[in-house]
Structures are given as structure tokens and as C-alpha cells.
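Shown here: input.pdb, PDB, C-alpha atoms and all ligand atoms.
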```pdb
ATOM      1  CA  MET E   1       1.573  27.512 -29.562
ATOM      2  CA  GLY E   2       5.265  28.209 -28.965
ATOM      3  CA  PHE E   3       7.456  26.037 -26.730
ATOM      4  CA  PHE E   4       8.082  28.680 -24.040
ATOM      5  CA  GLU E   5       4.480  29.844 -23.971
ATOM      6  CA  GLY E   6       3.447  26.215 -23.354
ATOM      7  CA  VAL E   7       5.929  25.856 -20.490
ATOM      8  CA  ARG E   8       4.737  29.162 -18.981
ATOM      9  CA  GLU E   9       1.145  27.841 -19.048
ATOM     10  CA  ASP E  10       2.276  24.583 -17.402
ATOM     11  CA  ILE E  11       3.920  26.543 -14.564
ATOM     12  CA  ALA E  12       0.784  28.661 -14.086
ATOM     13  CA  ALA E  13      -1.309  25.454 -13.941
ATOM     14  CA  ILE E  14       0.929  24.109 -11.158
ATOM     15  CA  PHE E  15       0.435  27.298  -9.093
ATOM     16  CA  GLU E  16      -3.303  27.069  -9.691
ATOM     17  CA  ARG E  17      -3.679  23.407  -8.700
ATOM     18  CA  ASP E  18      -0.977  22.800  -6.071
ATOM     19  CA  PRO E  19      -1.115  24.883  -2.885
ATOM     20  CA  ALA E  20       2.407  23.608  -2.079
ATOM     21  CA  ALA E  21       3.890  25.548  -5.030
ATOM     22  CA  THR E  22       5.642  28.559  -3.497
ATOM     23  CA  SER E  23       7.850  30.172  -6.160
ATOM     24  CA  THR E  24       8.639  29.826  -9.860
ATOM     25  CA  ILE E  25      12.193  28.709  -9.127
ATOM     26  CA  ALA E  26      10.863  25.983  -6.771
ATOM     27  CA  VAL E  27       8.435  24.834  -9.461
ATOM     28  CA  LEU E  28      11.203  24.742 -12.077
ATOM     29  CA  LEU E  29      13.508  22.747  -9.806
ATOM     30  CA  CYS E  30      11.193  20.442  -7.839
ATOM     31  CA  TYR E  31       8.377  19.300 -10.116
ATOM     32  CA  PRO E  32       9.270  16.138 -12.077
ATOM     33  CA  GLY E  33       5.900  16.369 -13.837
ATOM     34  CA  LEU E  34       7.008  19.664 -15.369
ATOM     35  CA  HIS E  35      10.383  18.206 -16.417
ATOM     36  CA  ALA E  36       8.667  15.234 -18.056
ATOM     37  CA  ARG E  37       6.261  17.578 -19.870
ATOM     38  CA  ILE E  38       9.097  19.746 -21.190
ATOM     39  CA  ALA E  39      10.958  16.671 -22.448
ATOM     40  CA  HIS E  40       7.798  15.308 -24.030
ATOM     41  CA  ARG E  41       7.227  18.526 -25.991
ATOM     42  CA  ILE E  42      10.641  17.984 -27.632
ATOM     43  CA  ASN E  43      10.200  14.228 -27.909
ATOM     44  CA  HIS E  44       6.810  14.398 -29.571
ATOM     45  CA  ARG E  45       8.224  16.644 -32.283
ATOM     46  CA  LEU E  46      11.154  14.243 -32.810
ATOM     47  CA  TRP E  47       8.649  11.378 -33.066
ATOM     48  CA  GLU E  48       6.548  13.237 -35.621
ATOM     49  CA  HIS E  49       9.697  13.979 -37.673
ATOM     50  CA  LYS E  50      10.518  10.249 -37.702
ATOM     51  CA  PHE E  51      13.446  10.411 -35.234
ATOM     52  CA  LYS E  52      11.658   7.603 -33.409
ATOM     53  CA  LEU E  53      14.590   5.813 -31.770
ATOM     54  CA  LEU E  54      16.086   9.072 -30.466
ATOM     55  CA  ALA E  55      12.672  10.081 -29.100
ATOM     56  CA  ARG E  56      12.203   6.702 -27.359
ATOM     57  CA  TRP E  57      15.706   6.919 -25.876
ATOM     58  CA  ILE E  58      15.153  10.436 -24.486
ATOM     59  CA  SER E  59      11.828   9.296 -23.032
ATOM     60  CA  GLN E  60      13.643   6.447 -21.208
ATOM     61  CA  VAL E  61      16.334   8.819 -19.917
ATOM     62  CA  MET E  62      13.580  11.125 -18.612
ATOM     63  CA  ARG E  63      11.895   8.158 -16.942
ATOM     64  CA  PHE E  64      15.180   7.515 -15.094
ATOM     65  CA  PHE E  65      15.241  11.109 -13.771
ATOM     66  CA  THR E  66      11.516  11.699 -13.169
ATOM     67  CA  GLY E  67       9.908   8.265 -12.700
ATOM     68  CA  ILE E  68       7.427   9.288 -15.404
ATOM     69  CA  GLU E  69       7.260   7.417 -18.699
ATOM     70  CA  ILE E  70       5.487   9.274 -21.480
ATOM     71  CA  HIS E  71       5.669   7.566 -24.853
ATOM     72  CA  PRO E  72       6.805  10.135 -27.459
ATOM     73  CA  GLY E  73       3.782   9.265 -29.627
ATOM     74  CA  ALA E  74       1.270  10.244 -26.909
ATOM     75  CA  VAL E  75      -0.609  13.497 -27.467
ATOM     76  CA  LEU E  76      -0.824  15.806 -24.446
ATOM     77  CA  GLY E  77      -2.923  18.963 -24.351
ATOM     78  CA  ARG E  78      -2.276  22.300 -22.671
ATOM     79  CA  ARG E  79      -1.797  22.787 -18.908
ATOM     80  CA  VAL E  80      -1.543  19.060 -18.163
ATOM     81  CA  PHE E  81      -0.254  18.703 -14.593
ATOM     82  CA  ILE E  82       1.382  15.477 -13.403
ATOM     83  CA  ASP E  83       1.751  15.806  -9.623
ATOM     84  CA  HIS E  84       4.512  13.852  -7.822
ATOM     85  CA  GLY E  85       4.704  11.679 -10.903
ATOM     86  CA  MET E  86       6.604   8.580  -9.834
ATOM     87  CA  GLY E  87       5.239   5.518 -11.628
ATOM     88  CA  VAL E  88       3.122   7.378 -14.194
ATOM     89  CA  VAL E  89       2.939   5.585 -17.567
ATOM     90  CA  ILE E  90       1.312   7.161 -20.626
ATOM     91  CA  GLY E  91       1.036   4.859 -23.654
ATOM     92  CA  GLU E  92       1.787   5.552 -27.291
ATOM     93  CA  THR E  93      -1.765   6.135 -28.539
ATOM     94  CA  ALA E  94      -3.051   7.905 -25.416
ATOM     95  CA  ILE E  95      -4.626  11.321 -25.896
ATOM     96  CA  VAL E  96      -4.752  13.687 -22.927
ATOM     97  CA  GLY E  97      -6.858  16.839 -23.229
ATOM     98  CA  ASP E  98      -6.331  20.316 -21.769
ATOM     99  CA  ASP E  99      -6.304  21.016 -18.010
ATOM    100  CA  VAL E 100      -5.962  17.356 -17.055
ATOM    101  CA  THR E 101      -4.434  16.446 -13.666
ATOM    102  CA  LEU E 102      -2.707  13.112 -13.070
ATOM    103  CA  TYR E 103      -1.249  11.892  -9.789
ATOM    104  CA  GLN E 104       1.569   9.442  -9.118
ATOM    105  CA  GLY E 105       1.180   5.855 -10.288
ATOM    106  CA  VAL E 106      -1.447   6.586 -12.943
ATOM    107  CA  THR E 107      -1.344   4.274 -15.960
ATOM    108  CA  LEU E 108      -2.950   5.206 -19.262
ATOM    109  CA  GLY E 109      -2.304   1.824 -20.785
ATOM    110  CA  GLY E 110      -3.526  -0.893 -23.098
ATOM    111  CA  THR E 111      -5.318  -4.091 -22.185
ATOM    112  CA  GLY E 112      -2.881  -6.149 -24.251
ATOM    113  CA  LYS E 113      -5.755  -7.282 -26.487
ATOM    114  CA  GLU E 114      -6.064  -4.324 -28.867
ATOM    115  CA  LYS E 115      -3.994  -3.060 -31.775
ATOM    116  CA  GLY E 116      -3.859   0.427 -33.335
ATOM    117  CA  LYS E 117      -5.472   2.990 -30.991
ATOM    118  CA  ARG E 118      -5.224   0.942 -27.825
ATOM    119  CA  HIS E 119      -4.748   3.525 -25.073
ATOM    120  CA  PRO E 120      -7.338   5.814 -23.470
ATOM    121  CA  THR E 121      -8.476   9.307 -24.386
ATOM    122  CA  LEU E 122      -8.942  11.760 -21.516
ATOM    123  CA  LEU E 123     -11.015  14.792 -22.469
ATOM    124  CA  ASN E 124     -10.527  18.287 -21.049
ATOM    125  CA  GLY E 125     -10.554  18.848 -17.302
ATOM    126  CA  VAL E 126     -10.243  15.189 -16.263
ATOM    127  CA  PHE E 127      -8.768  14.451 -12.809
ATOM    128  CA  VAL E 128      -7.139  11.069 -12.135
ATOM    129  CA  GLY E 129      -6.269  10.102  -8.544
ATOM    130  CA  ASN E 130      -3.099   8.273  -7.571
ATOM    131  CA  ASN E 131      -2.468   4.723  -8.786
ATOM    132  CA  ALA E 132      -5.564   4.646 -10.983
ATOM    133  CA  ASN E 133      -5.374   2.525 -14.124
ATOM    134  CA  ILE E 134      -7.289   3.513 -17.238
ATOM    135  CA  LEU E 135      -6.973   0.710 -19.725
ATOM    136  CA  GLY E 136      -7.894   0.246 -23.378
ATOM    137  CA  ASN E 137      -9.226   2.496 -26.109
ATOM    138  CA  ILE E 138     -11.850   4.124 -23.896
ATOM    139  CA  THR E 139     -12.824   7.749 -23.318
ATOM    140  CA  VAL E 140     -13.090   9.588 -20.023
ATOM    141  CA  GLY E 141     -15.561  12.434 -20.552
ATOM    142  CA  GLU E 142     -14.950  16.119 -19.851
ATOM    143  CA  ASN E 143     -14.449  17.157 -16.220
ATOM    144  CA  SER E 144     -14.802  13.622 -14.910
ATOM    145  CA  ARG E 145     -12.853  12.337 -11.908
ATOM    146  CA  VAL E 146     -11.288   8.931 -11.441
ATOM    147  CA  GLY E 147     -10.781   7.879  -7.819
ATOM    148  CA  ALA E 148      -7.432   6.828  -6.402
ATOM    149  CA  GLY E 149      -6.704   3.154  -7.030
ATOM    150  CA  SER E 150      -9.535   2.640  -9.523
ATOM    151  CA  VAL E 151      -9.318   0.446 -12.599
ATOM    152  CA  VAL E 152     -11.348   1.957 -15.449
ATOM    153  CA  LEU E 153     -12.255  -0.422 -18.278
ATOM    154  CA  ARG E 154     -15.294   1.284 -19.807
ATOM    155  CA  ASP E 155     -16.101   4.768 -21.144
ATOM    156  CA  VAL E 156     -16.838   7.341 -18.462
ATOM    157  CA  PRO E 157     -19.536   9.939 -19.258
ATOM    158  CA  PRO E 158     -18.730  13.642 -18.770
ATOM    159  CA  ASN E 159     -19.025  15.298 -15.326
ATOM    160  CA  SER E 160     -18.887  11.977 -13.498
ATOM    161  CA  THR E 161     -16.862  10.486 -10.660
ATOM    162  CA  VAL E 162     -15.886   6.833 -10.859
ATOM    163  CA  VAL E 163     -14.240   4.663  -8.207
ATOM    164  CA  GLY E 164     -13.432   1.032  -7.551
ATOM    165  CA  VAL E 165     -12.114  -2.069  -9.247
ATOM    166  CA  PRO E 166     -13.590  -2.248 -11.798
ATOM    167  CA  ALA E 167     -14.635   1.395 -11.650
ATOM    168  CA  HIS E 168     -18.312   2.367 -11.380
ATOM    169  CA  ILE E 169     -20.010   5.747 -11.321
ATOM    170  CA  ILE E 170     -20.728   7.308  -7.908
ATOM    171  CA  TYR E 171     -21.537  10.876  -9.009
ATOM    172  CA  GLN E 172     -22.969  12.177 -12.269
ATOM    173  CA  ASP E 173     -23.739  15.848 -12.954
ATOM    174  CA  GLY E 174     -23.401  16.594  -9.233
ATOM    175  CA  LYS E 175     -25.852  13.901  -8.142
ATOM    176  CA  ARG E 176     -25.040  10.746  -6.255
ATOM    177  CA  VAL E 177     -25.596   7.582  -8.314
ATOM    178  CA  MET E 178     -26.616   4.581  -6.275
ATOM    179  CA  ILE E 179     -25.910   1.176  -7.746
ATOM    180  CA  THR E 180     -28.740  -1.037  -6.577
ATOM    181  CA  ASP E 181     -28.312  -3.757  -9.174
ATOM    182  CA  PRO E 182     -25.071  -5.800  -8.888
ATOM    183  CA  LYS E 183     -25.272  -6.351 -12.675
ATOM    184  CA  ASP E 184     -24.259  -2.717 -13.077
ATOM    185  CA  ILE E 185     -20.799  -3.550 -11.736
ATOM    186  CA  LYS E 186     -18.942  -5.839 -14.091
ATOM    187  CA  ASP E 187     -16.984  -7.530 -11.343
ATOM    188  CA  PRO E 188     -16.051 -11.219 -11.509
ATOM    189  CA  LEU E 189     -17.842 -11.596  -8.163
ATOM    190  CA  SER E 190     -21.056  -9.985  -9.439
ATOM    191  CA  ASP E 191     -22.680 -13.331 -10.156
ATOM    192  CA  VAL E 192     -22.030 -14.485  -6.590
ATOM    193  CA  ILE E 193     -23.454 -11.231  -5.211
ATOM    194  CA  ILE E 194     -26.504 -11.518  -7.477
ATOM    195  CA  ALA E 195     -27.121 -15.088  -6.277
ATOM    196  CA  LEU E 196     -26.686 -14.045  -2.634
ATOM    197  CA  ALA E 197     -29.005 -11.056  -3.097
ATOM    198  CA  GLY E 198     -31.629 -13.433  -4.520
ATOM    199  CA  GLU E 199     -31.302 -15.727  -1.520
ATOM    200  CA  VAL E 200     -31.524 -12.815   0.939
ATOM    201  CA  ARG E 201     -34.668 -11.543  -0.826
ATOM    202  CA  GLU E 202     -36.223 -15.008  -0.677
ATOM    203  CA  LEU E 203     -35.359 -15.396   3.003
ATOM    204  CA  LYS E 204     -36.783 -11.953   3.786
ATOM    205  CA  GLU E 205     -39.983 -12.864   1.996
ATOM    206  CA  ARG E 206     -40.249 -16.074   3.988
ATOM    207  CA  LEU E 207     -39.611 -14.192   7.239
ATOM    208  CA  GLY E 208     -42.110 -11.485   6.280
ATOM    209  CA  PHE E 209     -39.578  -8.625   6.419
ATOM    210  CA  SER E 210     -40.522  -5.349   4.715
ATOM    211  CA  GLU E 211     -38.138  -4.123   2.007
ATOM    212  CA  PRO E 212     -37.034  -0.584   1.152
ATOM    213  CA  ALA E 213     -39.082   1.207  -1.493
ATOM    214  CA  SER E 214     -36.308   0.989  -4.117
ATOM    215  CA  VAL E 215     -36.301  -2.817  -4.000
ATOM    216  CA  ARG E 216     -40.019  -3.567  -3.538
ATOM    217  CA  GLY E 217     -42.154  -4.129  -6.634
ATOM    218  CA  ASP E 218     -40.595  -2.903  -9.849
ATOM    219  CA  THR E 219     -37.385  -4.798 -10.640
ATOM    220  CA  SER E 220     -36.630  -3.165 -13.994
ATOM    221  CA  PRO E 221     -33.030  -1.831 -14.264
ATOM    222  CA  GLN E 222     -34.372   1.694 -14.917
ATOM    223  CA  HIS E 223     -36.268   1.610 -11.660
ATOM    224  CA  LEU E 224     -33.484   0.014  -9.645
ATOM    225  CA  ARG E 225     -30.763   2.393 -10.856
ATOM    226  CA  ALA E 226     -32.082   5.316  -8.878
ATOM    227  CA  VAL E 227     -30.301   8.655  -9.072
ATOM    228  CA  ARG E 228     -30.844  10.668  -5.957
ATOM    229  CA  THR E 229     -29.377  13.679  -4.241
ATOM    230  CA  LEU E 230     -27.425  12.965  -1.071
ATOM    231  CA  ALA E 231     -30.138  14.602   1.056
ATOM    232  CA  GLU E 232     -32.821  12.339  -0.414
ATOM    233  CA  GLU E 233     -30.613   9.307   0.130
ATOM    234  CA  ASP E 234     -30.009  10.188   3.810
ATOM    235  CA  GLY E 235     -33.731  10.782   4.326
ATOM    236  CA  GLU E 236     -34.555   7.405   2.851
ATOM    237  CA  ARG E 237     -32.000   5.655   5.051
ATOM    238  CA  ASP E 238     -33.547   7.229   8.171
ATOM    239  CA  GLN E 239     -37.039   6.323   7.028
ATOM    240  CA  TYR E 240     -35.954   2.748   6.453
ATOM    241  CA  ARG E 241     -34.213   2.588   9.829
ATOM    242  CA  PHE E 242     -37.268   3.840  11.745
ATOM    243  CA  THR E 243     -39.919   1.872   9.874
ATOM    244  CA  GLN E 244     -38.008  -1.405  10.034
ATOM    245  CA  ARG E 245     -39.949  -3.873  12.093
ATOM    246  CA  PRO E 246     -38.248  -4.851  15.363
ATOM    247  CA  PHE E 247     -36.548  -8.185  15.159
ATOM    248  CA  ASP E 248     -38.974 -11.023  15.888
ATOM    249  CA  PRO E 249     -37.908 -12.766  19.143
ATOM    250  CA  GLU E 250     -39.006 -16.084  17.676
ATOM    251  CA  TYR E 251     -36.371 -15.835  14.983
ATOM    252  CA  THR E 252     -33.779 -14.608  17.501
ATOM    253  CA  GLU E 253     -34.322 -17.868  19.320
ATOM    254  CA  ILE E 254     -33.836 -19.872  16.153
ATOM    255  CA  ALA E 255     -30.689 -17.885  15.235
ATOM    256  CA  SER E 256     -29.062 -18.312  18.653
ATOM    257  CA  GLY E 257     -29.807 -22.028  18.506
ATOM    258  CA  ILE E 258     -27.740 -22.510  15.328
TER     259      ILE E 258
HETATM  260  C1  LIG E 301     -12.809   9.903  -6.170
HETATM  261  C2  LIG E 301     -12.705  11.169  -5.339
HETATM  262  C3  LIG E 301     -12.273  12.327  -6.230
HETATM  263  C4  LIG E 301     -14.141  11.375  -4.796
HETATM  264  O1  LIG E 301     -14.194  12.445  -3.933
HETATM  265  P1  LIG E 301     -15.638  12.946  -3.383
HETATM  266  O2  LIG E 301     -16.464  13.453  -4.502
HETATM  267  O3  LIG E 301     -15.356  13.862  -2.265
HETATM  268  O4  LIG E 301     -16.323  11.583  -2.934
HETATM  269  P2  LIG E 301     -16.818  11.160  -1.471
HETATM  270  O5  LIG E 301     -15.708  11.353  -0.481
HETATM  271  O6  LIG E 301     -18.120  11.833  -1.245
HETATM  272  O7  LIG E 301     -17.025   9.603  -1.635
HETATM  273  C5  LIG E 301     -18.215   9.066  -2.123
HETATM  274  C6  LIG E 301     -18.162   7.552  -1.952
HETATM  275  O8  LIG E 301     -17.129   6.992  -2.763
HETATM  276  C7  LIG E 301     -16.195   6.273  -1.973
HETATM  277  N1  LIG E 301     -14.861   6.547  -2.507
HETATM  278  C8  LIG E 301     -14.271   7.754  -2.628
HETATM  279  N2  LIG E 301     -13.078   7.625  -3.191
HETATM  280  C9  LIG E 301     -12.886   6.310  -3.431
HETATM  281  C10 LIG E 301     -11.835   5.559  -4.013
HETATM  282  N3  LIG E 301     -10.741   6.152  -4.461
HETATM  283  N4  LIG E 301     -11.982   4.223  -4.121
HETATM  284  C11 LIG E 301     -13.120   3.604  -3.673
HETATM  285  N5  LIG E 301     -14.160   4.282  -3.114
HETATM  286  C12 LIG E 301     -14.042   5.619  -2.993
HETATM  287  C13 LIG E 301     -16.372   6.813  -0.554
HETATM  288  O9  LIG E 301     -15.990   5.871   0.407
HETATM  289  C14 LIG E 301     -17.845   7.130  -0.533
HETATM  290  O10 LIG E 301     -18.558   5.928  -0.342
HETATM  291  P3  LIG E 301     -19.844   5.872   0.665
HETATM  292  O11 LIG E 301     -20.760   6.983   0.264
HETATM  293  O12 LIG E 301     -20.397   4.509   0.439
HETATM  294  O13 LIG E 301     -19.266   6.073   2.025
HETATM  295  C15 LIG E 301     -11.682  11.048  -4.188
HETATM  296  O14 LIG E 301     -12.141  10.190  -3.198
HETATM  297  C16 LIG E 301     -10.312  10.544  -4.669
HETATM  298  O15 LIG E 301     -10.059   9.352  -4.832
HETATM  299  N6  LIG E 301      -9.391  11.515  -4.882
HETATM  300  C17 LIG E 301      -8.036  11.239  -5.313
HETATM  301  C18 LIG E 301      -7.096  12.005  -4.426
HETATM  302  C19 LIG E 301      -5.657  11.702  -4.739
HETATM  303  O16 LIG E 301      -5.311  10.929  -5.601
HETATM  304  N7  LIG E 301      -4.777  12.341  -4.014
HETATM  305  C20 LIG E 301      -3.368  12.173  -4.191
HETATM  306  C21 LIG E 301      -2.665  13.079  -3.242
HETATM  307  S1  LIG E 301      -0.955  12.793  -3.254
END
```
Please express the file's structure as C-alpha cells.
Amino acid sequence: MGFFEGVREDIAAIFERDPAATSTIAVLLCYPGLHARIAHRINHRLWEHKFKLLARWISQVMRFFTGIEIHPGAVLGRRVFIDHGMGVVIGETAIVGDDVTLYQGVTLGGTGKEKGKRHPTLLNGVFVGNNANILGNITVGENSRVGAGSVVLRDVPPNSTVVGVPAHIIYQDGKRVMITDPKDIKDPLSDVIIALAGEVRELKERLGFSEPASVRGDTSPQHLRAVRTLAEEDGERDQYRFTQRPFDPEYTEIASGI
């Protein structure tokens, strides 16, 4: 694809994805993401033709003007849109597919532990919210979304939404994913939560409290990691609320005496 055709596609992508884009001249003048993309097209070619220092220098100059640092070695697909842009960092071995949208503060970086291909690969149609960090040689699947402020450390399957630190899946193929087992979130505090959950379960058993259907009985990960539609989830919450036994006054007495 020719240089100007690529830039024309980038401008069209901005009109498509940003309702604030009013005219072509405004897009050409006011979108640092577009400026960084144009510079990167030139820079990447310089890098491939072994003008590495010149390419690095131009990338640093562009960072000064746009706030966006794209390493000349990074591979960017067609119609990539970097909105606002300030603070975006795209590492040397990152690969960004077609129709990807990145907001300000996004880092496609390394973990500092890997060599060679050490930055992420974002497949086509990925959306990354502001200040999200995607770290290491991992892959974010097609059409997946990364929530603002998330830290992604593991592969993300296609058509999924991930949020949190560290990121976990909340939607997959249009369905809500409920994490019911703390082991599914690789957080340093998971062990504490698991221990607390065990204690709560034991206390409930001692007090004779009923438990929701998803927790009672089968404790296999397959059973606990239930995938439900939002409607089903709401229905279950209501059911749980209404079937919950009223609080035993005897225990209220004990609690207020503590
Ligand atoms: C991740 C995102 C795409 C999900 O949108 P969505 O599909 O509409 O998701 P919902 O609003 O239904 O949220 C589902 C759950 O995830 C939580 N959630 C959503 N985004 C989150 C985030 N970034 N971090 C942590 N939790 C988040 C919600 O609180 C909700 O939890 P709950 O069901 O326990 O209440 C969106 O929240 C997001 O982060 N967009 C980025 C926007 C952005 O960067 N804008 C920049 C403008 S300058």
C-alpha cells in the first residue's frame, strides 16, 4: 500500500471512530496520533533499511511534539487510531493489527524479563482504553477490548473484554463471565482472599446459612467458573436475595455484644 493511500485510510478511520472529528483540515492539524503514525511510516522504512540511529532520533523528535513514542521497529497495521495520544509507548517488537484503537497513556511494553520478541501482539480490531498496560510477549485476540487502567499480563482470547490489575475477563463472545474462584485472578492478594473465602464458608456452615447454587456442592473449577448472560445473573441475584434466610436474632445479639 502506498504512503498517501495509508494516510487517507488513517484519516477515514478517525472520522469513523471519533465523533469530535469535524473536518479533514482539523484532523490533519489537531490529531497527534495521526502525526505520529505518519512519522512512523517513514521511520519504519528507515529502520528496515538499516538507518537505525536516524529512525530512533526522528521517533524521539516526534515524541517531543506528540507525546507518543513509537519505536521504529514496531509493526503497525492499517487504520490504527491513537486518540489523544499523550503518554503512549509502543515497544520495538510490538505488532499492532488493523483497525486497532489506542487511547492516551497506553503502553505496549516489555516485562523487563524477556529478550527477542518481548512486546505484545494486538490482533485486528482490538480496543485499548486509556492508561492500560499490556506487557510481555502476549497476544490480545481479535476484537477484544482492554479496559482503562488495566494491566494485561496474559493472552486475551478473541472477542473478550478484560479489566483490572491484573486484568481478568469480564465478557467473552458477548456473555458476561463471572469469576467465582479467586484462583482465576492471579493477584498477589489472591491467596489472602482464598483463605478468607474458606473461613467465611466455614463460618456460614457453622451458622447454618444457605449458600447460592453456584457455590453449593460441586467445587470443581469448571463448575465454579460459570458463564451466564446478564439476565440470568440478575435473576439469580434476586432469587438469592429473596430466599436468603432472615438474620437469626440470636446471632445479632452475639454480634452486637462483640
Ligand atoms: C472495559 C470497557 C470497554 C467495558 O465496557 P462495557 O462492556 O460497557 O462494560 P460494563 O460497563 O458493562 O462493565 C462491566 C463490569 O466491569 C467493570 N469495569 C468496566 N470497566 C472497567 C475498568 N476499566 N476497570 C475496572 N473495572 C471495569 C464495571 O464496573 C462492571 O463491573 P460490575 O458488573 O461488577 O459492576 C470500558 O469500561 C472501558 O474501560 N472503556 C475505556 C474507555 C476509555 O478509555 N475512554 C477514554 C476516553 S478519553
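Going from CA of Ala148 in chain E to atom O16 of ligand LIG 301 (chain E) covers 4.7 Å.
Nearest to ligand LIG 301 (chain E) of all the residues E:Ser150, E:Thr101, E:Asn43, E:Thr111 is E:Ser150, based on all atoms listed in the file.
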By how many Å are CA of Arg8 in chain E and atom C20 of ligand LIG 301 (chain E) apart?
-> 23.9 Å
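CA of Thr139 in chain E is found 19.4 Å from atom C15 of ligand LIG 301 (chain E).
Among E:Gly136, E:Pro158, E:Pro188, E:Gly105, the residue with the shortest atom-to-atom distance to ligand LIG 301 (chain E), counting all atoms listed in the file, is E:Gly105.
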Determine the residue membership of the PyMOL selection byres (((not hetatm)) within 10 of (chain E and resi 301)) for the file above and supply it as a ChimeraX atom specification.
-> /E:83-85,101-106,127-132,144-151,160-165,167-171,174,176-178,230
Explicit residue set for the PyMOL selection byres (((chain E and resi 77) around 7) and not hetatm), as an MDAnalysis selection string = chainID E and resid 75:76 78:80 96:98
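The smallest atom-to-atom distance between Gln60 in chain E and any of E:Ala39, E:Ile25, E:Val7, E:Leu207, using only C-alpha atoms, is found for E:Ala39.
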